[in-house]
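> Supplied structure: my_file_0.cif, mmCIF, C-alpha atoms.
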```cif
data_input
#
loop_
_atom_site.label_atom_id
_atom_site.label_comp_id
_atom_site.auth_asym_id
_atom_site.auth_seq_id
_atom_site.Cartn_x
_atom_site.Cartn_y
_atom_site.Cartn_z
CA MET A 25 44.80 54.11 -48.07
CA THR A 26 43.51 50.53 -47.72
CA ILE A 27 44.24 48.98 -44.32
CA ASN A 28 44.03 45.30 -43.42
CA PRO A 29 41.50 45.04 -40.54
CA GLU A 30 43.74 42.97 -38.27
CA ALA A 31 46.72 45.22 -38.90
CA GLY A 32 44.46 48.21 -38.38
CA LYS A 33 43.28 46.94 -35.01
CA GLN A 34 46.84 46.43 -33.84
CA MET A 35 47.97 49.83 -35.10
CA LEU A 36 45.06 51.77 -33.61
CA GLY A 37 45.17 49.78 -30.37
CA ALA A 38 48.84 50.66 -29.91
CA LEU A 39 48.23 54.34 -30.65
CA LEU A 40 45.30 54.52 -28.23
CA ARG A 41 46.78 52.39 -25.44
CA PRO A 42 48.54 55.26 -23.58
CA TRP A 43 45.25 57.17 -23.44
CA PHE A 44 43.22 54.15 -22.30
CA ASP A 45 45.76 53.24 -19.62
CA ALA A 46 45.92 56.80 -18.31
CA VAL A 47 42.14 57.07 -18.10
CA ALA A 48 42.01 53.75 -16.23
CA ASP A 49 44.51 55.05 -13.61
CA PRO A 50 44.60 58.87 -13.68
CA VAL A 51 46.45 59.13 -10.37
CA ALA A 52 49.46 57.22 -11.65
CA ALA A 53 49.26 58.85 -15.08
CA GLN A 54 49.17 62.38 -13.70
CA GLY A 55 52.06 61.65 -11.36
CA GLY A 56 54.13 60.45 -14.30
CA VAL A 57 53.19 63.45 -16.44
CA LEU A 58 54.20 65.85 -13.69
CA GLN A 59 57.64 64.25 -13.39
CA HIS A 60 58.16 64.48 -17.15
CA LEU A 61 57.08 68.11 -17.18
CA LEU A 62 59.34 69.01 -14.26
CA HIS A 63 62.27 67.38 -16.08
CA ASP A 64 61.53 69.59 -19.10
CA TYR A 65 60.91 72.73 -17.02
CA ALA A 66 64.29 72.21 -15.32
CA GLN A 67 65.90 72.80 -18.73
CA THR A 68 64.38 76.29 -18.98
CA LYS A 69 65.34 79.47 -17.17
CA TYR A 70 61.84 79.93 -15.76
CA GLY A 71 61.82 76.36 -14.45
CA GLN A 72 65.26 76.76 -12.90
CA GLU A 73 64.17 79.96 -11.16
CA HIS A 74 61.31 78.01 -9.56
CA GLY A 75 63.36 74.97 -8.55
CA ALA A 76 61.80 72.46 -10.94
CA ALA A 77 64.70 70.03 -10.53
CA VAL A 78 64.10 69.51 -6.79
CA ILE A 79 60.29 69.26 -6.75
CA ASP A 80 58.98 65.77 -5.97
CA SER A 81 55.31 66.25 -5.03
CA ILE A 82 52.19 67.96 -6.29
CA ASN A 83 52.03 70.21 -3.24
CA ASP A 84 55.63 71.30 -3.78
CA TYR A 85 54.81 72.01 -7.42
CA ARG A 86 51.85 74.19 -6.44
CA ARG A 87 53.93 76.11 -3.91
CA ALA A 88 56.85 76.67 -6.29
CA PHE A 89 54.91 77.52 -9.47
CA PRO A 90 52.09 80.05 -9.14
CA ALA A 91 49.11 79.54 -11.44
CA LYS A 92 49.14 82.27 -14.08
CA THR A 93 46.83 83.69 -16.72
CA TYR A 94 47.99 84.60 -20.22
CA GLU A 95 48.26 88.26 -19.18
CA GLU A 96 50.67 87.23 -16.42
CA TYR A 97 52.69 85.03 -18.79
CA LYS A 98 52.72 87.62 -21.58
CA PRO A 99 55.90 89.46 -20.46
CA LEU A 100 57.75 86.12 -20.54
CA ILE A 101 56.26 85.19 -23.91
CA ASP A 102 57.29 88.58 -25.29
CA ARG A 103 60.87 87.86 -24.20
CA VAL A 104 60.73 84.45 -25.94
CA MET A 105 59.49 86.14 -29.11
CA ALA A 106 62.38 88.59 -28.87
CA GLY A 107 64.85 85.69 -28.96
CA GLU A 108 65.15 84.53 -25.34
CA GLU A 109 63.76 81.12 -26.24
CA GLY A 110 65.36 79.24 -23.36
CA LEU A 111 63.24 81.22 -20.91
CA LEU A 112 60.21 78.95 -21.46
CA LEU A 113 61.30 76.45 -24.13
CA LYS A 114 63.72 73.54 -24.05
CA GLU A 115 63.75 73.44 -27.87
CA GLU A 116 63.36 75.95 -30.67
CA PRO A 117 59.81 76.86 -31.75
CA VAL A 118 58.70 75.58 -35.14
CA GLY A 119 55.92 78.15 -35.31
CA TRP A 120 53.94 80.77 -33.45
CA ALA A 121 50.21 80.25 -33.06
CA ILE A 122 47.70 83.07 -32.76
CA THR A 123 44.32 82.66 -31.14
CA ARG A 124 41.08 83.31 -32.99
CA GLY A 125 39.64 84.84 -29.84
CA THR A 126 41.15 87.69 -27.90
CA THR A 127 42.45 88.42 -24.45
CA ARG A 128 41.57 91.98 -23.45
CA GLY A 129 41.20 92.88 -27.09
CA GLU A 130 44.48 91.34 -28.22
CA SER A 131 45.15 87.96 -29.80
CA LYS A 132 47.36 85.61 -27.81
CA PHE A 133 50.64 84.34 -29.22
CA ILE A 134 51.73 80.83 -28.22
CA PRO A 135 54.98 79.14 -29.37
CA MET A 136 54.70 75.62 -30.80
CA THR A 137 57.61 73.17 -30.68
CA GLU A 138 58.28 69.87 -32.43
CA THR A 139 57.47 67.91 -29.26
CA ASP A 140 54.32 69.97 -28.77
CA LEU A 141 53.19 69.20 -32.32
CA ARG A 142 53.68 65.47 -31.79
CA GLN A 143 51.37 65.71 -28.78
CA ARG A 144 48.69 67.34 -30.91
CA ILE A 145 48.26 64.12 -32.86
CA SER A 146 46.04 63.24 -29.89
CA ALA A 147 43.31 65.24 -31.65
CA GLY A 148 42.95 62.17 -33.87
CA ARG A 149 42.11 59.89 -30.95
CA ALA A 150 38.37 60.49 -31.32
CA MET A 151 38.46 59.39 -34.94
CA MET A 152 40.80 56.46 -34.27
CA ASN A 153 38.65 55.10 -31.44
CA TYR A 154 35.56 55.40 -33.64
CA VAL A 155 37.28 53.31 -36.34
CA LEU A 156 38.56 50.78 -33.79
CA SER A 157 35.17 50.34 -32.08
CA THR A 158 33.12 50.17 -35.29
CA GLU A 159 35.77 48.48 -37.46
CA ARG A 160 34.98 51.02 -40.20
CA PHE A 161 38.48 50.82 -41.65
CA ASP A 162 37.07 52.01 -44.96
CA LEU A 163 37.28 55.50 -43.48
CA PHE A 164 40.98 55.42 -44.40
CA ASP A 165 40.05 54.79 -48.05
CA GLY A 166 38.74 58.36 -48.20
CA VAL A 167 40.06 61.80 -47.33
CA ASN A 168 39.65 64.39 -44.60
CA LEU A 169 37.93 67.58 -45.77
CA ASN A 170 40.51 70.16 -44.65
CA LEU A 171 38.75 73.32 -43.51
CA ASN A 172 41.55 74.45 -41.21
CA PHE A 173 42.62 78.03 -40.74
CA PRO A 174 45.84 79.15 -42.49
CA SER A 175 49.13 78.30 -40.80
CA VAL A 176 50.66 81.63 -41.89
CA VAL A 177 48.70 84.82 -41.28
CA GLY A 178 51.38 87.48 -41.00
CA LYS A 179 54.60 88.55 -39.36
CA VAL A 180 55.51 90.41 -36.21
CA SER A 181 58.77 92.16 -35.44
CA ALA A 182 60.40 91.04 -32.20
CA GLY A 183 63.98 91.41 -31.03
CA GLY A 184 65.11 92.70 -34.39
CA ARG A 185 63.72 89.75 -36.34
CA GLU A 186 60.56 88.92 -38.26
CA ILE A 187 58.47 86.05 -36.89
CA GLU A 188 55.74 84.32 -38.91
CA TYR A 189 52.57 83.44 -37.08
CA GLY A 190 49.39 81.57 -37.94
CA TYR A 191 46.57 79.54 -36.44
CA SER A 192 47.36 76.43 -34.43
CA SER A 193 45.01 74.20 -36.45
CA GLY A 194 46.82 75.14 -39.67
CA ILE A 195 50.29 74.77 -38.15
CA TYR A 196 49.27 71.37 -36.81
CA ALA A 197 47.91 70.27 -40.19
CA ARG A 198 51.00 71.46 -42.04
CA HIS A 199 53.52 69.71 -39.77
CA VAL A 200 51.88 66.46 -38.65
CA SER A 201 49.32 65.49 -41.30
CA ARG A 202 51.96 63.17 -42.76
CA MET A 203 51.90 61.20 -39.50
CA THR A 204 48.17 60.46 -39.66
CA PRO A 205 46.67 57.53 -41.62
CA ILE A 206 44.26 59.66 -43.69
CA ARG A 207 45.07 62.28 -46.31
CA SER A 208 43.82 65.85 -45.85
CA VAL A 209 42.45 67.68 -48.89
CA PRO A 210 43.17 70.41 -49.78
CA ALA A 211 46.78 70.32 -48.58
CA GLN A 212 47.58 72.91 -45.94
CA GLU A 213 50.15 74.49 -48.26
CA GLU A 214 47.35 75.14 -50.77
CA ILE A 215 45.27 76.86 -48.10
CA ASP A 216 48.25 78.94 -47.01
CA ALA A 217 48.90 80.05 -50.60
CA LEU A 218 45.58 81.93 -50.52
CA GLY A 219 46.88 84.21 -47.77
CA GLY A 220 45.95 84.84 -44.17
CA GLY A 221 43.01 87.19 -44.61
CA LYS A 222 39.94 86.93 -42.37
CA THR A 223 37.27 88.61 -44.50
CA MET A 224 34.24 86.86 -46.00
CA SER A 225 35.87 86.93 -49.43
CA ASP A 226 39.01 85.29 -48.01
CA TRP A 227 36.91 82.45 -46.62
CA ALA A 228 34.95 82.22 -49.86
CA ARG A 229 38.23 81.52 -51.69
CA ARG A 230 39.19 78.84 -49.15
CA PHE A 231 35.77 77.21 -49.40
CA GLU A 232 35.91 77.24 -53.20
CA LEU A 233 39.36 75.61 -53.00
CA ALA A 234 38.00 72.90 -50.70
CA LEU A 235 35.08 72.26 -53.05
CA GLU A 236 37.30 72.12 -56.13
CA LYS A 237 39.87 69.78 -54.57
CA CYS A 238 37.33 67.47 -52.92
CA LYS A 239 34.48 67.35 -55.43
CA ASN A 240 35.72 64.06 -56.90
CA GLU A 241 37.07 62.66 -53.63
CA ASN A 242 35.51 60.24 -51.16
CA VAL A 243 35.23 62.47 -48.09
CA THR A 244 34.91 60.17 -45.08
CA LEU A 245 36.09 62.57 -42.36
CA VAL A 246 35.48 66.24 -41.58
CA GLY A 247 37.77 67.57 -38.88
CA GLY A 248 38.51 71.03 -37.53
CA VAL A 249 36.71 74.02 -36.11
CA ASN A 250 32.97 73.69 -35.54
CA SER A 251 32.09 77.19 -36.76
CA THR A 252 34.07 76.69 -39.98
CA ALA A 253 32.28 73.41 -40.74
CA VAL A 254 28.93 75.16 -40.24
CA GLU A 255 29.93 78.12 -42.41
CA PHE A 256 31.19 75.83 -45.16
CA GLY A 257 27.84 74.06 -45.29
CA ARG A 258 25.99 77.37 -45.47
CA PHE A 259 28.39 78.65 -48.14
CA LEU A 260 27.79 75.62 -50.38
CA HIS A 261 24.06 76.04 -50.14
CA ARG A 262 24.17 79.78 -50.68
CA GLN A 263 26.57 79.72 -53.63
CA HIS A 264 25.95 76.31 -55.23
CA ARG A 265 22.50 75.26 -53.97
CA GLN A 266 24.00 72.11 -52.49
CA TYR A 267 24.83 70.87 -49.03
CA PRO A 268 27.88 68.73 -48.24
CA LYS A 269 25.57 65.70 -47.94
CA ASP A 270 24.68 66.12 -51.62
CA LEU A 271 28.34 65.66 -52.57
CA TRP A 272 29.77 63.30 -49.97
CA GLN A 273 28.81 60.80 -47.30
CA PRO A 274 31.22 61.45 -44.41
CA GLN A 275 31.26 58.90 -41.63
CA ILE A 276 32.36 61.16 -38.81
CA MET A 277 33.01 64.79 -37.91
CA THR A 278 35.63 65.56 -35.24
CA LEU A 279 35.15 69.19 -34.28
CA GLY A 280 36.41 71.59 -31.63
CA SER A 281 36.63 75.24 -30.56
CA ALA A 282 33.08 75.55 -29.22
CA PRO A 283 31.37 74.28 -26.07
CA GLY A 284 28.56 71.79 -26.42
CA ILE A 285 29.24 70.69 -30.00
CA ASN A 286 27.53 67.35 -29.47
CA THR A 287 24.71 68.74 -27.37
CA TYR A 288 23.66 71.96 -29.11
CA HIS A 289 24.87 71.64 -32.72
CA PRO A 290 24.09 68.08 -34.00
CA ALA A 291 20.80 68.99 -35.68
CA ALA A 292 22.35 71.76 -37.77
CA LEU A 293 25.43 69.72 -38.64
CA ARG A 294 23.46 66.64 -39.71
CA ALA A 295 21.04 68.76 -41.71
CA MET A 296 24.01 69.84 -43.83
CA TYR A 297 26.33 66.80 -43.68
CA GLY A 298 23.88 63.92 -43.39
CA PRO A 299 23.60 61.13 -40.78
CA VAL A 300 27.18 61.54 -39.60
CA GLU A 301 28.73 60.62 -36.26
CA ILE A 302 29.88 63.69 -34.30
CA ARG A 303 32.80 63.62 -31.89
CA GLU A 304 33.84 66.64 -29.85
CA ILE A 305 37.46 67.74 -29.39
CA TYR A 306 38.42 69.89 -26.41
CA GLY A 307 41.49 71.88 -27.30
CA ALA A 308 42.87 75.36 -27.64
CA THR A 309 45.85 77.14 -29.13
CA GLU A 310 47.81 75.89 -26.12
CA GLY A 311 47.15 72.19 -26.71
CA MET A 312 44.68 69.34 -27.32
CA PHE A 313 43.40 68.44 -23.87
CA GLY A 314 40.73 65.83 -24.49
CA GLN A 315 38.33 64.28 -26.97
CA GLN A 316 35.09 62.36 -27.08
CA ARG A 317 35.74 58.67 -26.56
CA ASP A 318 32.38 57.14 -27.42
CA GLU A 319 28.73 58.03 -27.88
CA LYS A 320 28.53 59.71 -24.48
CA ARG A 321 28.38 63.42 -25.23
CA ALA A 322 31.39 64.58 -23.25
CA TRP A 323 35.16 64.45 -23.67
CA VAL A 324 37.74 62.38 -21.84
CA PRO A 325 41.02 64.06 -20.77
CA ASN A 326 44.44 63.26 -22.18
CA TYR A 327 45.76 62.34 -18.75
CA ASP A 328 48.91 60.92 -20.36
CA LEU A 329 49.95 64.23 -21.95
CA PHE A 330 48.95 67.15 -19.72
CA PHE A 331 48.74 67.85 -16.00
CA PHE A 332 45.23 68.95 -15.04
CA GLU A 333 44.15 70.90 -11.97
CA VAL A 334 40.95 72.77 -11.36
CA GLU A 335 40.04 75.60 -9.02
CA THR A 336 36.73 74.81 -7.34
CA ARG A 337 34.75 76.36 -4.51
CA SER A 338 36.48 73.95 -2.15
CA GLY A 339 39.97 74.85 -3.41
CA VAL A 340 42.41 73.62 -6.01
CA LYS A 341 42.23 69.89 -6.74
CA MET A 342 43.16 67.49 -9.50
CA LEU A 343 40.72 67.28 -12.38
CA HIS A 344 40.15 63.58 -11.77
CA GLU A 345 39.19 64.36 -8.15
CA MET A 346 36.12 66.38 -9.16
CA ARG A 347 32.72 65.08 -8.12
CA PRO A 348 29.94 64.58 -10.70
CA GLY A 349 28.13 67.88 -11.14
CA GLU A 350 31.01 69.93 -9.74
CA MET A 351 32.32 72.91 -11.71
CA GLY A 352 35.67 74.64 -11.64
CA LYS A 353 38.24 76.74 -13.50
CA LEU A 354 40.81 74.68 -15.39
CA ILE A 355 44.54 75.01 -14.69
CA VAL A 356 46.59 73.00 -17.18
CA SER A 357 50.34 72.43 -17.30
CA THR A 358 51.69 72.05 -20.83
CA LEU A 359 55.18 71.50 -22.19
CA ILE A 360 55.56 75.27 -22.40
CA LEU A 361 53.34 76.82 -19.73
CA PRO A 362 53.39 75.52 -16.13
CA ARG A 363 50.10 75.87 -14.26
CA TYR A 364 48.35 77.91 -16.92
CA ARG A 365 44.92 79.36 -16.13
CA ILE A 366 43.38 78.78 -19.52
CA GLY A 367 40.17 80.65 -18.74
CA ASP A 368 37.63 77.82 -19.18
CA ILE A 369 35.00 76.48 -16.79
CA ILE A 370 34.79 72.68 -16.62
CA ARG A 371 31.87 70.54 -15.45
CA ALA A 372 32.46 66.99 -14.25
CA PHE A 373 30.16 64.07 -15.03
CA GLN A 374 30.61 60.44 -14.07
CA PRO A 375 34.33 59.63 -14.45
CA PRO A 376 36.03 60.01 -16.83
CA TYR A 377 33.68 62.42 -18.62
CA PHE A 378 33.86 66.22 -18.65
CA ARG A 379 32.51 69.18 -20.56
CA CYS A 380 33.88 72.66 -21.07
CA ILE A 381 30.79 74.79 -20.55
CA GLY A 382 32.34 78.11 -21.60
CA ARG A 383 34.77 80.85 -20.71
CA ASP A 384 35.46 81.98 -17.16
CA ARG A 385 32.64 84.49 -16.79
CA TRP A 386 30.20 84.87 -13.91
CA TRP A 387 27.23 84.19 -16.18
CA THR A 388 28.61 81.02 -17.82
CA PRO A 389 27.05 78.52 -15.35
CA LEU A 390 23.69 80.30 -15.69
CA GLN A 391 23.93 80.28 -19.48
CA TYR A 392 24.86 76.59 -19.43
CA ALA A 393 21.88 75.72 -17.21
CA TRP A 394 19.51 77.67 -19.47
CA ARG A 395 20.81 76.01 -22.66
CA GLU A 396 20.54 72.59 -21.06
CA PHE A 397 16.93 73.33 -20.12
CA MET A 398 15.99 74.77 -23.52
CA THR A 399 17.48 71.80 -25.40
CA PHE A 400 16.10 69.22 -22.91
CA ASN A 401 19.62 67.90 -22.30
CA LEU A 402 19.39 68.53 -18.55
CA GLY A 403 22.93 67.35 -17.90
CA ARG A 404 22.52 64.02 -19.66
CA LEU A 405 25.44 62.24 -21.25
#
```
Could you rewrite the structure in this file as structure tokens?

Amino acid sequence: MTINPEAGKQMLGALLRPWFDAVADPVAAQGGVLQHLLHDYAQTKYGQEHGAAVIDSINDYRRAFPAKTYEEYKPLIDRVMAGEEGLLLKEEPVGWAITRGTTRGESKFIPMTETDLRQRISAGRAMMNYVLSTERFDLFDGVNLNLNFPSVVGKVSAGGREIEYGYSSGIYARHVSRMTPIRSVPAQEEIDALGGGKTMSDWARRFELALEKCKNENVTLVGGVNSTAVEFGRFLHRQHRQYPKDLWQPQIMTLGSAPGINTYHPAALRAMYGPVEIREIYGATEGMFGQQRDEKRAWVPNYDLFFFEVETRSGVKMLHEMRPGEMGKLIVSTLILPRYRIGDIIRAFQPPYFRCIGRDRWWTPLQYAWREFMTFNLGRL
């Protein structure tokens, strides 16, 4: 896909402008997001029960909507799965996403809607800003090496009906890849056709498919889950005595689903993929919350899409109110889940930069400090 540089600048500038503007004025952006969310919540039964239509301040919102974990939301989500969609959703779900991790031994199920999927295009902001800042529009002449998880894994029975579920990265790729300016190979439908298995042989088939479909392509982008990108590189070397860098010369990798991708993993990734730029995505099954903006090794929130709070030692505050060096537990409001305790610990740097340092466990800050010391990062951006 050849793009005229001037047209490319205008296109990417327009796509990135809402993010840039929100980061420049997070107070105004977050106020606007909250009003939009409350308007949507007022169209759901749960929102109506909590008076979403009459809330006009952040303090009122906090008083009316208690912050909840997935375990606390699960009874409501179960009712949505059983057919009571209007309880949490203002529109029908287009898919059900399952987490790769577990909550108390069980995978989480999260509904995804058409509006929600359009928001997830924000995962491409890291790549788009790289192209805009470097003017490497030739990236769009190549393809994205699609190593996403399958969008259909299985079915569950709920409310007398069968519901398909899959991984959010695959559902995202299947529904919105047509809206992005670079083609993903293999197509998500080809990945799904191999089934939803999770064994080593299942992944071997997916990796062989990716190799077969991309071996004669110009791979300029590798996007997806960090662990999958690492495993693909190891698989190629183990099975074919080649690394990805022997086949392609990708410009950039945009990776998520692991803390510290651009602080702890660059050496291993570049050993397999070559001298590639690495940009970190901070997202989860529930949404894409931020992405790396530049060469500083931290992500910048999507203040224009989600409402961010954080529980710190000094109480609940807005994410943008955190002091450099401060840590806290993230509470994010999405289109579907108001004031959701996502279970991650966030560390603030100089505005507008943040890192997710790990899950909400007592040892996470200690583990983070030790890894920073052992890798000589010492909190540097």
> Per residue of range 128-147 of chain A within 10 Å of range 301-319 of chain A, which atom pair is closest and at what distance in Å (one decimal), using all atoms listed in the file, listed by chain and increasing number, as CSV?

```
residue,atom,partner,partner_atom,distance
A:Lys132,CA,A:Thr309,CA,8.7
A:Phe133,CA,A:Thr309,CA,8.6
A:Ile134,CA,A:Glu310,CA,6.6
A:Pro135,CA,A:Glu310,CA,8.5
A:Met136,CA,A:Glu310,CA,8.3
A:Asp140,CA,A:Gly311,CA,7.8
A:Leu141,CA,A:Gly311,CA,8.8
A:Gln143,CA,A:Met312,CA,7.8
A:Arg144,CA,A:Met312,CA,5.7
A:Ile145,CA,A:Met312,CA,8.4
A:Ser146,CA,A:Met312,CA,6.8
A:Ala147,CA,A:Met312,CA,6.1
```
> If you take all atoms listed in the file and a cut-off of 8 Å, which residues of range 84-119 of chain A touch range 352-361 of chain A, and what are their nearest atom pairs and distances in Å to one decimal, in chain and number order, as CSV?

```
residue,atom,partner,partner_atom,distance
A:Ala91,CA,A:Ile355,CA,7.2
A:Leu112,CA,A:Ile360,CA,6.0
A:Leu113,CA,A:Ile360,CA,6.1
```
> Anything within 12 Å of (35.9, 80.3, -35.3): list those residues as a ChimeraX atom specification, counting all atoms listed in the file and sticking to the file's coordinates.
/A:123-126,171-173,191,193,222,227,248-256,279-283,308
> Nearest to Cys380 in chain A: which of A:Asn326, A:Ile285, A:Arg347, A:Val246 is it, counting all atoms listed in the file?
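Closest to Cys380 in chain A, using all atoms listed in the file: A:Ile285.
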> List as a PDB file with C-alpha atoms, in the frame of the given file the protein and nucleic acid residues near Gln212 in chain A, meaning an atom at most 10 Å away when only C-alpha atoms are counted, but skip any in the same chain fewer than 6 places from it.

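And here's out.pdb as it stands now:
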```
ATOM      1  CA  ASN A 170      40.510  70.160 -44.650  1.00  0.00           C
ATOM      2  CA  LEU A 171      38.750  73.320 -43.510  1.00  0.00           C
ATOM      3  CA  ASN A 172      41.550  74.450 -41.210  1.00  0.00           C
ATOM      4  CA  PHE A 173      42.620  78.030 -40.740  1.00  0.00           C
ATOM      5  CA  PRO A 174      45.840  79.150 -42.490  1.00  0.00           C
ATOM      6  CA  SER A 175      49.130  78.300 -40.800  1.00  0.00           C
ATOM      7  CA  SER A 193      45.010  74.200 -36.450  1.00  0.00           C
ATOM      8  CA  GLY A 194      46.820  75.140 -39.670  1.00  0.00           C
ATOM      9  CA  ILE A 195      50.290  74.770 -38.150  1.00  0.00           C
ATOM     10  CA  TYR A 196      49.270  71.370 -36.810  1.00  0.00           C
ATOM     11  CA  ALA A 197      47.910  70.270 -40.190  1.00  0.00           C
ATOM     12  CA  ARG A 198      51.000  71.460 -42.040  1.00  0.00           C
ATOM     13  CA  HIS A 199      53.520  69.710 -39.770  1.00  0.00           C
ATOM     14  CA  SER A 201      49.320  65.490 -41.300  1.00  0.00           C
TER      15      SER A 201
END
```
> With all atoms listed in the file as the basis for distance, which of A:Lys237, A:Lys341, A:Phe44, A:Ile206 is at the shortest distance from Asn153 in chain A?
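Ranking A:Lys237, A:Lys341, A:Phe44, A:Ile206 by distance to Asn153 in chain A, first place goes to A:Phe44.
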> Select, from A:Ala228, A:Leu233, A:Val300, A:Leu260, the residue with the minimum atom-to-atom distance to Leu245 in chain A, counting all atoms listed in the file.
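Among the listed residues, the smallest separation from Leu245 in chain A belongs to A:Val300.
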> Rounded to one decimal in Å, what is the spacing between CA of Tyr154 in chain A and CA of Gln374 in chain A?
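Between these atoms lies a distance of 20.8 Å.
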> Give me the result of the PyMOL selection byres ((chain A and resi 53) around 10) on this file, residue by residue, as JSON, numbers by chain.
{"A": [42, 43, 45, 46, 47, 48, 49, 50, 51, 52, 54, 55, 56, 57, 58, 326, 327, 328, 329, 330, 331]}
> How many Å separate CA of Gln275 in chain A from CA of Leu163 in chain A?
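The value is 7.2 Å.
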> Just how far from CA of Val167 in chain A is CA of Pro268 in chain A, in Å to one decimal?
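Answer for the CA of Pro268 in chain A to CA of Val167 in chain A separation: 14.0 Å.
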> Return range 62-76 of chain A, completed with N, CA and C atoms, as a CSV table (one decimal), in the frame of the given file.

```csv
chain,number,residue,atom,x,y,z
A,62,LEU,N,58.3,68.4,-15.1
A,62,LEU,CA,59.3,69.0,-14.3
A,62,LEU,C,60.7,68.8,-14.8
A,63,HIS,N,61.0,67.6,-15.4
A,63,HIS,CA,62.3,67.4,-16.1
A,63,HIS,C,62.5,68.4,-17.2
A,64,ASP,N,61.4,68.6,-18.0
A,64,ASP,CA,61.5,69.6,-19.1
A,64,ASP,C,61.6,71.0,-18.6
A,65,TYR,N,60.8,71.4,-17.6
A,65,TYR,CA,60.9,72.7,-17.0
A,65,TYR,C,62.3,73.0,-16.5
A,66,ALA,N,63.0,72.0,-15.9
A,66,ALA,CA,64.3,72.2,-15.3
A,66,ALA,C,65.3,72.6,-16.4
A,67,GLN,N,65.0,72.4,-17.6
A,67,GLN,CA,65.9,72.8,-18.7
A,67,GLN,C,65.6,74.2,-19.3
A,68,THR,N,64.7,74.9,-18.6
A,68,THR,CA,64.4,76.3,-19.0
A,68,THR,C,64.8,77.2,-17.8
A,69,LYS,N,65.0,78.5,-18.2
A,69,LYS,CA,65.3,79.5,-17.2
A,69,LYS,C,64.2,79.7,-16.2
A,70,TYR,N,63.0,79.7,-16.7
A,70,TYR,CA,61.8,79.9,-15.8
A,70,TYR,C,61.7,78.8,-14.8
A,71,GLY,N,61.9,77.5,-15.3
A,71,GLY,CA,61.8,76.4,-14.4
A,71,GLY,C,62.9,76.3,-13.4
A,72,GLN,N,64.1,76.7,-13.8
A,72,GLN,CA,65.3,76.8,-12.9
A,72,GLN,C,65.0,77.8,-11.8
A,73,GLU,N,64.5,78.9,-12.2
A,73,GLU,CA,64.2,80.0,-11.2
A,73,GLU,C,63.2,79.5,-10.1
A,74,HIS,N,62.3,78.5,-10.5
A,74,HIS,CA,61.3,78.0,-9.6
A,74,HIS,C,61.7,76.6,-9.0
A,75,GLY,N,62.9,76.2,-9.2
A,75,GLY,CA,63.4,75.0,-8.6
A,75,GLY,C,62.7,73.7,-9.1
A,76,ALA,N,62.5,73.6,-10.4
A,76,ALA,CA,61.8,72.5,-10.9
A,76,ALA,C,62.6,71.2,-10.7
```
